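Comments concern the structure below.
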Number of protein chains: 4
Amino acid sequence: MGIVLGPTQYGKAECRLVRIVRDTQRHEIRDLNVSTALRGDFAAAHISGDQSRVLPTDTQKNTVYAFAKSHGVGEPEEFGLLLGRHFVAGTESVESARIAIEEFGWDRIGEHDHSFIRRGQEVRTAVVTVSGSDEWVVSGLADLVVLKSTGSEFAGFLVDEYTTLPETRDRVLATALTVQWRYAHIEVDWAPAYDDVRRLLLRAFAETHSFALQQSLYAMGSAVLEARPEIVEVRLVAPNKHHFAVDLAPFGLDNPGEIFHAADRPYGLIEATVTRDDAPDPGPAWL
Amino acid sequence: MGIVLGPTQYGKAECRLVRIVRDTQRHEIRDLNVSTALRGDFAAAHISGDQSRVLPTDTQKNTVYAFAKSHGVGEPEEFGLLLGRHFVAGTESVESARIAIEEFGWDRIGEHDHSFIRRGQEVRTAVVTVSGSDEWVVSGLADLVVLKSTGSEFAGFLVDEYTTLPETRDRVLATALTVQWRYAHIEVDWAPAYDDVRRLLLRAFAETHSFALQQSLYAMGSAVLEARPEIVEVRLVAPNKHHFAVDLAPFGLDNPGEIFHAADRPYGLIEATVTRDDAPDPGPAWL
Amino acid sequence: MGIVLGPTQYGKAECRLVRIVRDTQRHEIRDLNVSTALRGDFAAAHISGDQSRVLPTDTQKNTVYAFAKSHGVGEPEEFGLLLGRHFVAGTESVESARIAIEEFGWDRIGEHDHSFIRRGQEVRTAVVTVSGSDEWVVSGLADLVVLKSTGSEFAGFLVDEYTTLPETRDRVLATALTVQWRYAHIEVDWAPAYDDVRRLLLRAFAETHSFALQQSLYAMGSAVLEARPEIVEVRLVAPNKHHFAVDLAPFGLDNPGEIFHAADRPYGLIEATVTRDDAPDPGPAWL
Amino acid sequence: MGIVLGPTQYGKAECRLVRIVRDTQRHEIRDLNVSTALRGDFAAAHISGDQSRVLPTDTQKNTVYAFAKSHGVGEPEEFGLLLGRHFVAGTESVESARIAIEEFGWDRIGEHDHSFIRRGQEVRTAVVTVSGSDEWVVSGLADLVVLKSTGSEFAGFLVDEYTTLPETRDRVLATALTVQWRYAHIEVDWAPAYDDVRRLLLRAFAETHSFALQQSLYAMGSAVLEARPEIVEVRLVAPNKHHFAVDLAPFGLDNPGEIFHAADRPYGLIEATVTRDDAPDPGPAWL
């Protein structure tokens, strides 16, 4: 029996990069949180403390900021590909690189040239993995908070000795969506694809008469796959943000789906994958 | 020398109340976080454990939910007044009540009747104090994140032996605004007043060429007072969310105000009050 | 009617300072979060953007770090006094300074000379105000989480039409204490005073048979005032972290105070002041 | 091409369970955060909204609380095994169950029988997976914050065109450890094993002269595997909580490793696995 080093990765997490595009008086802003992670032959650093094959995380951070200037910051998927390719091509010990990006949206204040307000809704995400000449892109969004005030049921479920939940034909359904979708290739126009997926998710959520959050998730994932042939897999994580109807009977009041307590914990947590039956192997796309 | 009880208050904090208005098929939603606090003659509870004059915090919570049904939930200022008056009028030991409300905005998904997305920008706030027949309303907003990509300087400041900061004629100015404004009376149309104050704050922030965040705050507060005669005092708290230009010279790149690191801590913290010179005494409005 | 500037302050918040004392091989560590705030004649900065009387917040930050080297970091009260005096004495426009410090405790790993583990319990706090030659010190602690599994009742309370809470003679009482105590003067041995106050608070919490959280707070504050003549006022803020006994009757189980759900929101919030009847005026100590 | 459902799971997350053991006057307390997740044949719920095979998450929550009474709460690994076996054995549609538990430690206040203070250091964790008759246990800890004030270097690293970091032979090394260890079987005395692993991790961190955080992690993982034959794999995640020496030269002061700024973001993030070369297949232990 011996003790061996298993999988490792290291990098610089959460480089908070703001890029102002000021080529004209009408500025643009990109606001990113960039995390790099490198995988490869770094055993010596772990076992003997030999750093000679280790590109410092400080250097990775510098690269993020320097690339933002020399290459600009386009869509997060593009920026991630640029960075990932650089680390794999430029450093012999690096076998693969994983670049994870969050983007925070800003809106112009009125039509002002250089004043902005943070949008505050969902965070746009991209995870890019480059391994040799192979490249994977998983785009996504996080913390998109949505709610249906009716059109949601939960009934006909399995009952055991610990079940006390009554059936309901009308409840509030609310969640904070984290969705990621994997592309089959990288010949994608990222920004319109993002906007379209977001629109498809919201429409499916709104229009599905829901018998369970599970069903809504499947409907959302399917809607994306049906409309976007370049997307082959959708993963959804959805906390069920319970809204409990308050019992007002002690006060002589009925409560026909009007007054709710929005609870914190515990919460249901539903996770689902919707995929094409011929989806290519994901490789390290999700790792 | 004796030991005595000083000021006290108690209540139920953070009642998460969601009110669905479903009188028609086109639902409306109000999403509040309501905190109640009562002041009065509660010394016996502290000193001898005698609860006979204490209205339980659980009862206060019940009242919030019951009132949401029996009176509806209009603007947070109105709902706060309703609750505050109830506690003061209905409970002999309660001398005054302070109702603090946060409201989270929701937008309709497209034109859907009962599906919503959380807006995610600032939180609307209201603090209502009722004491006997006197009533004070302080409205506000929290965490409105804004940024100017130019039109901001910082120069000509005091220099001592610990000063190393260079002067700048062009920097990024960003903050997460918390603003509260006190009304002279309660004969106010709360919702349009809120929208107008928010618009005035954003416009002043955008249009002020800023020599310091201090100046922007004063401009914002003044703009509100000039436009809204019923408002007599504005308090602003603004963390200076530093965006540091990254030194790219080691990589042979210049950085003319394009690439920034958005720092977390430390941060400047600027607090200011702008008021009318004839503002009525605030009494307990801010306590 | 005119618009005027009211009270203001500005400074650098949350300077995260770690001071290693390495005079011998057995290192010591102080881990502080220092916030400075200056008050004085800064109207020009607000009204006209004139910074000539403004000591930059960046300079304040530099001073914190430089003083940590040149003066060392002793107890947070002492370090706050040093900084406050410096800003008031050294800068003509500064009329008063408020230095707020949080300290995070570390323990040695075993008896190792230079390896430490963060203690993780309460945060020690100090707020120092220097105004001309006057000085105020308020020490404190935050987020000390304590719980009694019995010895707590809640009964005999006021009942109105919205009261549904049953009385209880045995409940779990839990809170996350924030306590601040004001000193009459600064001739205090800060570290043993802190340890003693913390011990007194914990002992009073433990030994008080509680008829309400209000009563426990008063007992804690009184215990401090009785034992420490240099302390003249104690302020306590205590969220009632509700532990609800779970109804297990549907499963044929009783629950005699054994199984609890620890709830998040809403929570009771109890605030109290205990003071000497001859306490000197607090001046700006609490502002 | 067809659209199909891929892997799913669902359950109740973050059931906050407090169990008081009050068989004698000297109470004991266990404070857990329990999350359940079930995997199995739930396609109908997703695709057609048919809930007939779905055990509600509300039932899962009830089961957590009922089991805490009927079986008691021992070590988190045991409680997880109890719950996991129940869901797999008791519900035909459930193929496997994953129970994730966090435990928060409490200490007695002095020698008091029923008064406690939350310990506040690391969170103890356990993840139990039950699939048919197979069972996996991964124990762990989260957020153990440790620091070495010397005995840490970083030098001899790879240098590219974006490298500006100077080498150092003496720096502060600090991290917030998340460590998980997989057991080969479940015939383990969980509590002493936990205490011993924690002790081994701390000792290895303290005693390793570190040439990189990577090396410290490997030393910690190896120490655990060498001492505990029942453990076959250790996974470590360690943010490098950078402490930057402050440049005090502008103030005429040197800074020989005494004054540091504790930075927030970005941070290095080092992840490593240390394993036995004959470790059994992990199966779903880490999923």
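Lettering and numbering for the structure tokens are positional, with chains as A, B, ... in the shown order, residues counted from 1 in each chain, and ligands counted from 1 in the shown order.
Within 6 Å of chain D, counting only C-alpha atoms, chain C contributes C:Arg16, C:Leu17, C:Val18, C:Arg19, C:Ile20, C:His114, C:Ser115, C:Phe116, C:Ile117, C:Arg118, C:Gly120, C:Gln121, C:Val145, C:Val146, C:Leu147, C:Lys148, C:Ser149, C:Ala206, C:Glu258, C:Ile259, C:Phe260, C:His261, C:Ala262.
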Secondary structure check, helix (DSSP H, G or I) residues of range 19-264 of chain A, as a PyMOL selection string
chain A and resi 43-47+57-70+76-90+190-207+213-227+249-251
Which residue gives the smallest distance to Val128 in chain A among A:Thr59, A:Gln214, A:Ser96, A:Thr273, with only C-alpha atoms counted?
A:Ser96
Which of range 115-181 of chain B DSSP labels strand (DSSP E or B), written as JSON, numbers by chain:
{"B": [115, 116, 117, 118, 123, 124, 125, 126, 127, 128, 129, 130, 131, 134, 135, 136, 137, 138, 139, 140, 141, 142, 143, 144, 145, 146, 147, 148, 152, 154, 168, 173, 174, 175, 176, 177, 178, 179, 180, 181]}
Give me, please, the distance in Å between CA of Pro76 in chain D and CA of Ala126 in chain D, quoted to one decimal.
6.2 Å
Report as a PyMOL selection string all protein, DNA and RNA residues lying within 9 Å of Gln180 in chain B, evaluated on only C-alpha atoms, omitting residues in the same chain fewer than 2 positions from it.
chain B and resi 125-126+138-142+178+182+233-237
Please provide the set of residues having any atom within 10 Å of Leu269 in chain C, restricted to only C-alpha atoms, with same-chain residues fewer than 3 positions apart removed, written as a list of chain:residue names.
B:Gln9, B:Tyr10, B:Gly11, B:Lys12, B:Ala13, B:Glu14, B:Ser35, B:Thr36, B:Ala37, B:Thr57, C:Thr175, C:Leu213, C:Gln214, C:Val237, C:Ala238, C:Pro239, C:Asn240, C:Lys241, C:Pro266
